[in-house]
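Novice: This is the content of start.txt (compact mmCIF, C-alpha atoms and all ligand atoms):
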```txt
# COMPACT_ATOMS: atom_id res chain seq x y z
CA MET A 1 7.52 17.62 10.77
CA ARG A 2 4.13 15.99 10.25
CA ASP A 3 2.24 13.87 12.76
CA PHE A 4 1.74 10.32 11.57
CA VAL A 5 -0.62 7.69 12.93
CA THR A 6 1.16 4.35 13.34
CA PRO A 7 -0.30 1.95 10.78
CA THR A 8 -1.26 -1.62 11.61
CA VAL A 9 0.12 -4.09 9.07
CA VAL A 10 -0.23 -7.85 8.68
CA VAL A 11 3.04 -9.37 7.44
CA SER A 12 3.84 -12.91 6.34
CA ARG A 13 5.91 -14.22 9.23
CA CYS A 14 8.64 -15.71 7.03
CA ILE A 15 9.58 -12.21 5.79
CA GLU A 16 12.31 -10.97 8.13
CA ILE A 17 10.47 -12.24 11.23
CA GLU A 18 10.84 -16.00 11.71
CA PRO A 19 12.46 -18.81 9.69
CA CYS A 20 9.13 -20.57 9.15
CA ARG A 21 9.32 -21.33 5.41
CA TYR A 22 8.87 -24.94 4.31
CA ASN A 23 12.68 -25.17 4.01
CA GLY A 24 13.32 -23.68 7.45
CA LEU A 25 14.52 -20.35 6.09
CA LYS A 26 13.23 -16.81 6.19
CA ILE A 27 13.06 -14.23 3.42
CA ALA A 28 15.05 -11.00 3.47
CA SER A 29 13.21 -7.79 2.65
CA ASP A 30 14.77 -4.35 3.13
CA VAL A 31 11.32 -2.74 3.01
CA VAL A 32 9.90 -4.92 5.77
CA LYS A 33 13.05 -4.51 7.88
CA GLN A 34 12.82 -0.75 7.46
CA LEU A 35 9.09 -0.72 8.23
CA ILE A 36 8.99 -2.96 11.34
CA PRO A 37 9.99 -0.23 13.86
CA HIS A 38 7.35 2.14 12.44
CA VAL A 39 4.22 -0.02 12.45
CA ASN A 40 2.02 -2.15 14.68
CA LEU A 41 2.95 -5.52 13.33
CA ILE A 42 0.72 -8.59 13.15
CA SER A 43 2.65 -11.53 11.75
CA VAL A 44 1.10 -14.74 10.52
CA CYS A 45 2.25 -18.01 8.98
CA PRO A 46 -0.94 -19.85 7.94
CA GLU A 47 0.92 -23.08 7.13
CA VAL A 48 2.40 -23.26 10.63
CA GLU A 49 -0.97 -22.26 12.14
CA ILE A 50 -2.69 -25.26 10.56
CA GLY A 51 -0.20 -27.54 12.27
CA LEU A 52 2.46 -28.06 9.64
CA GLY A 53 5.89 -27.99 11.25
CA THR A 54 9.04 -26.27 10.04
CA PRO A 55 10.71 -27.53 7.96
CA ARG A 56 7.89 -29.32 6.13
CA ASP A 57 7.16 -30.80 2.74
CA ALA A 58 6.10 -28.11 0.30
CA LEU A 59 2.46 -27.52 -0.66
CA ARG A 60 1.09 -26.74 -4.11
CA ILE A 61 -2.18 -25.54 -5.57
CA VAL A 62 -3.83 -28.20 -7.66
CA MET A 63 -6.84 -27.31 -9.80
CA LYS A 64 -9.67 -29.84 -9.66
CA GLU A 65 -12.66 -28.97 -11.84
CA ASP A 66 -11.71 -25.30 -11.58
CA LYS A 67 -11.58 -25.45 -7.79
CA MET A 68 -8.31 -24.81 -5.95
CA LYS A 69 -7.02 -27.54 -3.66
CA LEU A 70 -4.04 -27.16 -1.33
CA ILE A 71 -2.12 -30.40 -1.68
CA GLN A 72 1.13 -31.66 -0.18
CA PRO A 73 2.51 -33.66 -3.14
CA LYS A 74 4.89 -35.79 -1.09
CA THR A 75 2.19 -37.12 1.28
CA GLY A 76 -0.84 -36.65 -0.97
CA LEU A 77 -2.62 -34.89 1.92
CA ASP A 78 -5.24 -32.25 1.14
CA PHE A 79 -5.07 -29.20 3.45
CA THR A 80 -7.77 -27.17 1.70
CA GLU A 81 -10.42 -27.38 4.43
CA LYS A 82 -7.98 -26.78 7.26
CA MET A 83 -6.52 -23.78 5.49
CA ASP A 84 -9.93 -22.30 4.63
CA ALA A 85 -11.03 -22.67 8.26
CA PHE A 86 -7.86 -21.00 9.57
CA VAL A 87 -7.97 -18.16 7.04
CA ASN A 88 -11.57 -17.32 7.90
CA SER A 89 -11.08 -17.43 11.65
CA PHE A 90 -7.85 -15.40 11.46
CA LEU A 91 -9.32 -12.69 9.23
CA ASP A 92 -12.51 -12.58 11.32
CA SER A 93 -10.46 -11.96 14.45
CA LEU A 94 -8.27 -9.16 13.08
CA PRO A 95 -8.51 -5.69 14.59
CA GLU A 96 -8.78 -2.81 12.10
CA VAL A 97 -5.69 -2.99 9.92
CA ASP A 98 -4.35 -0.67 7.24
CA GLY A 99 -2.41 -3.05 5.04
CA PHE A 100 -0.82 -6.40 4.29
CA ILE A 101 2.65 -7.39 3.08
CA LEU A 102 2.50 -10.99 1.95
CA LYS A 103 5.05 -13.41 0.56
CA GLY A 104 4.94 -13.66 -3.21
CA ARG A 105 4.80 -16.97 -5.11
CA SER A 106 3.56 -18.91 -2.06
CA PRO A 107 0.57 -21.26 -2.64
CA THR A 108 -0.76 -19.91 0.65
CA SER A 109 0.23 -16.26 0.95
CA ALA A 110 0.76 -14.93 -2.61
CA ILE A 111 -1.52 -12.17 -3.89
CA LYS A 112 -0.76 -12.61 -7.60
CA ASP A 113 1.71 -15.23 -8.60
CA ALA A 114 1.24 -18.62 -6.92
CA LYS A 115 1.60 -21.39 -9.48
CA ARG A 116 -1.42 -23.58 -10.10
CA TYR A 117 -0.98 -27.11 -11.39
CA SER A 118 -3.20 -29.69 -13.02
CA GLY A 119 -2.04 -32.35 -10.54
CA PRO A 120 0.30 -33.06 -7.62
CA ASN A 121 3.02 -34.89 -9.55
CA PRO A 122 6.31 -33.38 -10.76
CA GLY A 123 5.38 -33.59 -14.46
CA ASP A 124 1.85 -32.20 -14.08
CA ALA A 125 1.10 -29.15 -16.19
CA LEU A 126 1.13 -25.58 -14.99
CA ARG A 127 -2.40 -24.14 -15.15
CA GLY A 128 -1.51 -20.48 -14.66
CA LYS A 129 -0.83 -18.25 -11.69
CA GLY A 130 -2.94 -16.34 -9.19
CA PRO A 131 -3.36 -15.61 -5.50
CA GLY A 132 -2.75 -18.30 -2.90
CA PHE A 133 -5.37 -19.37 -0.34
CA PHE A 134 -4.63 -16.72 2.28
CA GLY A 135 -3.74 -14.02 -0.28
CA MET A 136 -7.01 -14.55 -2.14
CA ALA A 137 -9.12 -14.24 1.02
CA VAL A 138 -7.24 -11.05 1.94
CA LEU A 139 -7.95 -9.57 -1.49
CA GLU A 140 -11.62 -10.57 -1.31
CA ARG A 141 -12.15 -8.94 2.06
CA PHE A 142 -9.68 -6.06 2.10
CA SER A 143 -9.06 -4.99 -1.50
CA HIS A 144 -9.47 -1.36 -0.39
CA LEU A 145 -6.40 -1.53 1.90
CA ALA A 146 -2.70 -1.22 1.05
CA ILE A 147 -1.73 -4.74 -0.08
CA GLU A 148 1.52 -5.78 -1.70
CA ASP A 149 3.96 -8.65 -1.77
CA GLU A 150 7.55 -8.32 -0.65
CA GLY A 151 8.92 -8.84 -4.16
CA ARG A 152 6.92 -6.00 -5.72
CA LEU A 153 7.88 -3.70 -2.85
CA ARG A 154 11.47 -3.76 -4.09
CA ASN A 155 10.24 -1.41 -6.83
CA PRO A 156 10.45 2.16 -5.42
CA ASN A 157 7.26 3.30 -7.19
CA ILE A 158 5.23 0.45 -5.76
CA LYS A 159 6.78 0.94 -2.33
CA SER A 160 6.04 4.67 -2.36
CA ASN A 161 2.42 4.14 -3.37
CA PHE A 162 2.02 1.39 -0.77
CA LEU A 163 3.38 3.59 2.03
CA THR A 164 1.35 6.63 0.96
CA LYS A 165 -1.86 4.60 1.00
CA LEU A 166 -0.92 2.85 4.25
CA TYR A 167 -0.28 6.09 6.17
CA THR A 168 -3.31 7.87 4.67
CA LEU A 169 -5.61 5.01 5.69
CA ALA A 170 -4.06 4.87 9.18
CA LYS A 171 -4.74 8.58 9.62
CA PHE A 172 -8.32 8.19 8.48
CA ARG A 173 -8.80 5.25 10.87
CA ASP A 174 -7.91 7.69 13.63
CA VAL A 175 -10.44 10.21 12.28
CA LYS A 176 -13.13 7.50 12.27
CA ARG A 177 -12.35 6.68 15.88
CA SER A 178 -12.68 10.33 16.90
CA LYS A 179 -16.19 10.59 15.36
CA SER A 180 -15.58 14.31 14.93
CA SER A 181 -16.70 16.26 11.86
CA LYS A 182 -13.91 18.75 12.58
CA ASP A 183 -11.38 15.93 12.25
CA VAL A 184 -12.92 14.91 8.92
CA LEU A 185 -12.56 18.53 7.78
CA ASN A 186 -8.92 18.69 8.95
CA PHE A 187 -8.14 15.37 7.30
CA HIS A 188 -9.58 16.61 4.02
CA SER A 189 -7.73 19.94 4.22
CA GLU A 190 -4.37 18.25 4.88
CA ASN A 191 -4.82 15.68 2.13
CA LYS A 192 -6.28 17.91 -0.57
CA LEU A 193 -3.21 18.00 -2.82
CA LEU A 194 -2.46 14.32 -2.26
CA LEU A 195 -6.03 13.43 -3.24
CA LYS A 196 -5.82 15.77 -6.21
CA ALA A 197 -2.75 13.90 -7.41
CA TYR A 198 -4.51 10.56 -6.92
CA ASN A 199 -7.92 11.36 -8.37
CA GLU A 200 -9.12 14.93 -8.87
CA LYS A 201 -12.73 13.93 -9.56
CA GLU A 202 -12.98 12.06 -6.25
CA MET A 203 -11.14 14.86 -4.45
CA ARG A 204 -13.88 17.27 -5.57
CA ILE A 205 -16.64 14.88 -4.47
CA LEU A 206 -14.92 14.60 -1.08
CA GLY A 207 -14.74 18.39 -0.92
CA ARG A 208 -18.51 18.63 -1.47
CA ILE A 209 -19.17 16.03 1.23
CA VAL A 210 -17.04 17.98 3.70
CA ALA A 211 -18.69 21.30 2.73
CA LYS A 212 -22.10 19.85 3.66
CA ARG A 213 -20.85 18.27 6.90
CA ASP A 214 -23.32 20.20 9.06
CA GLN A 215 -26.23 18.58 7.18
CA TYR A 216 -24.96 15.03 7.86
CA ASN A 217 -24.98 13.05 11.05
CA ILE A 218 -21.42 12.01 11.87
CA VAL A 219 -21.90 8.33 10.93
CA LYS A 220 -23.17 9.23 7.46
CA LEU A 221 -20.45 11.85 7.02
CA ILE A 222 -17.72 9.32 7.82
CA THR A 223 -19.30 6.54 5.75
CA ASP A 224 -19.74 8.73 2.66
CA TYR A 225 -16.32 10.28 3.03
CA GLU A 226 -14.63 6.90 3.45
CA LYS A 227 -16.38 5.45 0.39
CA HIS A 228 -14.99 8.18 -1.86
CA LEU A 229 -11.61 8.26 -0.13
CA LEU A 230 -11.12 4.56 -0.92
CA GLN A 231 -12.22 5.19 -4.48
CA ALA A 232 -9.70 8.04 -4.76
CA LEU A 233 -6.85 5.86 -3.49
CA LYS A 234 -7.74 2.90 -5.68
CA ARG A 235 -5.17 3.69 -8.35
CA ALA A 236 -1.69 5.12 -7.95
CA PRO A 237 -1.40 8.77 -9.02
CA ARG A 238 -0.55 9.55 -12.61
CA CYS A 239 2.69 11.33 -13.35
CA GLY A 240 0.84 14.22 -15.04
CA SER A 241 -1.39 14.81 -11.98
CA GLN A 242 1.64 14.95 -9.71
CA ILE A 243 3.28 17.48 -12.01
CA ASN A 244 0.10 19.60 -12.02
CA VAL A 245 0.07 19.63 -8.22
CA LEU A 246 3.74 20.66 -8.13
CA MET A 247 3.18 23.40 -10.75
CA ASN A 248 0.17 24.76 -8.84
CA SER A 249 2.22 24.77 -5.66
CA MET A 250 5.00 26.72 -7.33
CA GLY A 251 2.35 29.22 -8.43
CA TYR A 252 1.79 30.15 -4.77
CA PHE A 253 5.19 31.84 -4.59
CA SER A 254 6.14 32.37 -8.19
CA LYS A 255 6.31 36.15 -7.61
CA SER A 256 8.90 35.64 -4.88
CA LEU A 257 11.10 33.18 -6.79
CA SER A 258 13.97 34.27 -8.99
CA GLY A 259 13.98 33.47 -12.69
CA GLU A 260 16.81 30.98 -12.11
CA GLU A 261 14.87 29.18 -9.37
CA LYS A 262 11.80 28.84 -11.59
CA GLU A 263 13.89 27.67 -14.49
CA PHE A 264 15.63 25.09 -12.28
CA PHE A 265 12.28 23.80 -11.01
CA LEU A 266 10.81 23.52 -14.51
CA LYS A 267 13.93 21.69 -15.68
CA SER A 268 13.57 19.36 -12.66
CA LEU A 269 9.95 18.67 -13.65
CA ASP A 270 11.21 17.68 -17.10
CA ASP A 271 13.83 15.44 -15.48
CA TYR A 272 11.07 13.82 -13.43
CA LYS A 273 8.96 13.33 -16.57
CA SER A 274 11.92 11.64 -18.25
CA GLY A 275 12.45 9.35 -15.26
CA VAL A 276 15.84 10.90 -14.43
CA ILE A 277 14.96 12.01 -10.89
CA PRO A 278 12.32 10.75 -8.42
CA LEU A 279 9.33 12.67 -7.08
CA SER A 280 11.06 13.10 -3.71
CA VAL A 281 13.59 15.51 -5.30
CA LEU A 282 10.73 17.77 -6.44
CA THR A 283 8.85 17.59 -3.15
CA GLY A 284 12.16 18.38 -1.44
CA ILE A 285 12.66 21.55 -3.53
CA SER A 286 9.03 22.56 -2.92
CA THR A 287 9.35 21.95 0.82
CA SER A 288 12.37 24.24 1.01
CA TRP A 289 10.21 27.01 -0.51
CA LEU A 290 7.29 26.24 1.83
CA LEU A 291 9.65 26.70 4.76
CA ARG A 292 11.22 29.82 3.30
CA PHE A 293 7.89 31.53 2.52
CA LYS A 294 6.07 29.99 5.50
CA ASP A 295 2.95 29.04 3.59
CA ASP A 296 0.85 27.34 6.25
CA TYR A 297 -1.63 25.78 3.82
CA LEU A 298 1.05 24.09 1.74
CA LEU A 299 3.11 23.21 4.81
CA SER A 300 0.11 21.28 6.12
CA GLN A 301 -0.20 19.21 2.92
CA SER A 302 0.54 15.50 3.18
CA PHE A 303 1.50 15.49 -0.52
CA PHE A 304 4.93 16.83 0.42
CA GLU A 305 5.52 14.20 3.12
CA PRO A 306 2.99 11.35 2.85
CA TYR A 307 4.96 9.02 5.15
CA PRO A 308 7.88 9.36 7.57
CA LYS A 309 11.15 10.50 6.03
CA GLU A 310 12.92 7.50 7.55
CA LEU A 311 11.04 5.34 5.05
CA VAL A 312 12.08 7.30 1.96
CA ASP A 313 14.74 5.50 -0.05
CA ILE A 314 17.84 7.48 -0.73
CA ASP A 315 18.33 5.43 -3.88
CA LEU A 316 14.84 6.19 -5.16
CA MET A 317 16.17 6.89 -8.62
CA ILE A 318 13.22 5.98 -10.77
CA SER A 319 9.94 7.79 -10.91
CA TYR A 320 6.30 7.26 -11.74
CA CYS A 321 7.16 8.56 -15.18
CA ASP A 322 8.72 5.31 -16.34
CA GLY A 323 5.48 4.74 -18.29
CA LYS A 324 4.57 1.40 -16.67
CA ASP A 325 1.27 0.59 -14.99
CA TYR A 326 2.23 -1.54 -11.99
CA TRP A 327 -1.35 -1.70 -10.66
CA LYS A 328 -3.08 -3.21 -13.71
S1 LIG B 1 4.70 -17.76 2.69
FE1 LIG B 1 3.08 -17.66 4.21
S2 LIG B 1 2.65 -19.78 4.69
FE2 LIG B 1 4.62 -19.74 3.66
S3 LIG B 1 6.12 -19.62 5.27
FE3 LIG B 1 5.67 -17.55 4.67
S4 LIG B 1 4.07 -16.89 6.03
FE4 LIG B 1 4.18 -19.12 6.18
```
Rewrite the coordinates I just gave you, this time as structure tokens.
Ligand code: SF4
Specialist:
Amino acid sequence: MRDFVTPTVVVSRCIEIEPCRYNGLKIASDVVKQLIPHVNLISVCPEVEIGLGTPRDALRIVMKEDKMKLIQPKTGLDFTEKMDAFVNSFLDSLPEVDGFILKGRSPTSAIKDAKRYSGPNPGDALRGKGPGFFGMAVLERFSHLAIEDEGRLRNPNIKSNFLTKLYTLAKFRDVKRSKSSKDVLNFHSENKLLLKAYNEKEMRILGRIVAKRDQYNIVKLITDYEKHLLQALKRAPRCGSQINVLMNSMGYFSKSLSGEEKEFFLKSLDDYKSGVIPLSVLTGISTSWLLRFKDDYLLSQSFFEPYPKELVDIDLMISYCDGKDYWK
């Protein structure tokens, strides 16, 4: 059983928390419901915070000379300045956070898919999609954190990557607070295989930084380490890198495994490659061997349990090997 640091997450308040949507409803999200007991939650509804009641007339993004305006079509009121002022003061006042889960398609909170129009009237043309006012500011300031919308988190691959990043960043936040080079070393040792699966080149750079830790003052050590850690976590791990990590791990006890066990594992790797089983089946098999052969190094590796088991979906029946790039 690994020790996890409780992450701090900002969540759009209308997702599972309060019925503060323009229509007086809230949004259901199994992921957010599952996550709430495990995180320090900061909820926010920017539209309510700028004084709009619930229910309220809907807002929309209207493009004026390539600038975004936040307009309430029914009243014709422009909330752009009020929203910008709230967003800046709210983000300025945040404590250190590890991630955001924001409501998709909202002109305020979306991170990708808020509709933009050429005008406020019903027939006005759609001018594309992009982040909303709050979502855009979050991406500008915190692109290095774990950020997703509740719709995308229904995909098990996206959810798994989000949670892995969230818990890794929370752990490193704790290391930063400790200001201890030994903690940086321990963090690196425990996350070596995870980082290898994410980005082997950055994992090696991080290894060199840690190896020279006695030549650094602690502030420089943490700053340099964090820079490359964020770079390593920028993209979700490739299927092939995960398979390499699993194969290398099997190598640790291949002499002790029976031919049938090895064959079963290799067949399971093929099943993972074909998208028939999820990664958690393979990490589960590996973990049973780690426990059986008591390999302390591998047992310490976050790769085999990057976030609490309670957050793993039992219906996680698709894998990274479905060939899609969800983070493009
Ligand atoms: S999407 Fe954002 S602004 Fe809209 S109700 Fe939810 S939290 Fe409030």
Novice: Need the axis-aligned box for ligand LIG 1 (chain B) with 3 Å each side, so what are the centre and edges in Å to one decimal, as AutoDock Vina command-line options?
Specialist:
```
--center_x 4.4 --center_y -18.3 --center_z 4.4 --size_x 9.5 --size_y 8.9 --size_z 9.5
```
Novice: Please identify all polymer residues within 8 Å of region 256-267 of chain A, counting only C-alpha atoms, omitting same-chain residues fewer than 4 positions from it, and present them as JSON, numbers by chain.
Specialist: {"A": [271, 282, 285]}
Novice: For the residues selected in the previous step, produce a file with C-alpha atoms as a PDB file, in the coordinates of the input.
Specialist:
```pdb
ATOM      1  CA  ASP A 271      13.830  15.440 -15.480  1.00  0.00           C
ATOM      2  CA  LEU A 282      10.730  17.770  -6.440  1.00  0.00           C
ATOM      3  CA  ILE A 285      12.660  21.550  -3.530  1.00  0.00           C
TER       4      ILE A 285
END
```
Novice: Tell me which protein, DNA and RNA residues are within 7 Å of region 71-86 of chain A, counting all atoms listed in the file, leaving out same-chain ones fewer than 6 positions away, and put them as a ChimeraX atom specification.
Specialist: /A:50,57-62,120-121
Novice: What are the closest atom pairs, with distances in Å to one decimal, for all residues of chain A lying within 9 Å of ligand LIG 1 (chain B)? Consider all atoms listed in the file, order rows by chain and residue number, and present the result as a Markdown table.
Specialist:
```
| residue | atom | partner | partner_atom | distance |
| --- | --- | --- | --- | --- |
| A:Val11 | CA | B:LIG1 | S4 | 7.7 |
| A:Ser12 | CA | B:LIG1 | S4 | 4.0 |
| A:Arg13 | CA | B:LIG1 | S4 | 4.6 |
| A:Cys14 | CA | B:LIG1 | FE3 | 4.2 |
| A:Ile15 | CA | B:LIG1 | FE3 | 6.7 |
| A:Glu18 | CA | B:LIG1 | S3 | 8.8 |
| A:Pro19 | CA | B:LIG1 | S3 | 7.8 |
| A:Cys20 | CA | B:LIG1 | S3 | 5.0 |
| A:Arg21 | CA | B:LIG1 | S3 | 3.6 |
| A:Tyr22 | CA | B:LIG1 | S3 | 6.1 |
| A:Asn23 | CA | B:LIG1 | S3 | 8.7 |
| A:Gly24 | CA | B:LIG1 | S3 | 8.5 |
| A:Leu25 | CA | B:LIG1 | S3 | 8.5 |
| A:Lys26 | CA | B:LIG1 | S3 | 7.7 |
| A:Ile27 | CA | B:LIG1 | FE3 | 8.2 |
| A:Ser43 | CA | B:LIG1 | S4 | 8.0 |
| A:Val44 | CA | B:LIG1 | S4 | 5.8 |
| A:Cys45 | CA | B:LIG1 | FE4 | 3.6 |
| A:Pro46 | CA | B:LIG1 | S2 | 4.8 |
| A:Glu47 | CA | B:LIG1 | S2 | 4.5 |
| A:Val48 | CA | B:LIG1 | FE4 | 6.3 |
| A:Glu49 | CA | B:LIG1 | FE4 | 8.5 |
| A:Thr54 | CA | B:LIG1 | S3 | 8.7 |
| A:Leu102 | CA | B:LIG1 | FE1 | 7.1 |
| A:Lys103 | CA | B:LIG1 | S1 | 4.9 |
| A:Gly104 | CA | B:LIG1 | S1 | 7.2 |
| A:Arg105 | CA | B:LIG1 | S1 | 7.8 |
| A:Ser106 | CA | B:LIG1 | S1 | 5.0 |
| A:Pro107 | CA | B:LIG1 | S1 | 7.6 |
| A:Thr108 | CA | B:LIG1 | S2 | 5.3 |
| A:Ser109 | CA | B:LIG1 | FE1 | 4.6 |
| A:Ala110 | CA | B:LIG1 | S1 | 7.2 |
| A:Phe134 | CA | B:LIG1 | FE1 | 8.0 |
| A:Gly135 | CA | B:LIG1 | FE1 | 8.9 |
```
Novice: With only C-alpha atoms as the atoms that count, which of A:Asn155, A:Tyr307, A:Val219, A:Leu279 lies nearest to Thr6 (chain A)?
Specialist: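 Checking each of A:Asn155, A:Tyr307, A:Val219, A:Leu279 against Thr6 (chain A), counting only C-alpha atoms, the winner is A:Tyr307.
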Novice: Which distance in Å separates CA of Ile147 (chain A) and CA of Gly275 (chain A), to one decimal?
Specialist: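 If I compute the distance from CA of Ile147 (chain A) to CA of Gly275 (chain A), I get 25.1 Å.
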Novice: Within 9 Å of Glu16 (chain A), counting only C-alpha atoms, which residues show up once you throw out same-chain ones fewer than 5 positions away? Write them as a list in words, please.
Specialist: Lys26, Ile27, Ala28, Ser29, Asp30, Val32 and Lys33 of chain A
Novice: May I ask for the distance between CA of Thr168 (chain A) and CA of Phe253 (chain A), given in Å to one decimal place?
Specialist: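 Rounded to one decimal, the two atoms are 27.1 Å apart.
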Novice: Figure out the distance between CA of His228 (chain A) and CA of Arg177 (chain A), please, to one decimal in Å.
Specialist: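 Computing it gives 18.0 Å between the two atoms.
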Novice: From the list A:Leu311, A:Leu230, A:Glu305, A:Lys64, which residue is nearest Phe142 (chain A) when using all atoms listed in the file?
Specialist: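 For Phe142 (chain A), the nearest of the candidates is A:Leu230.
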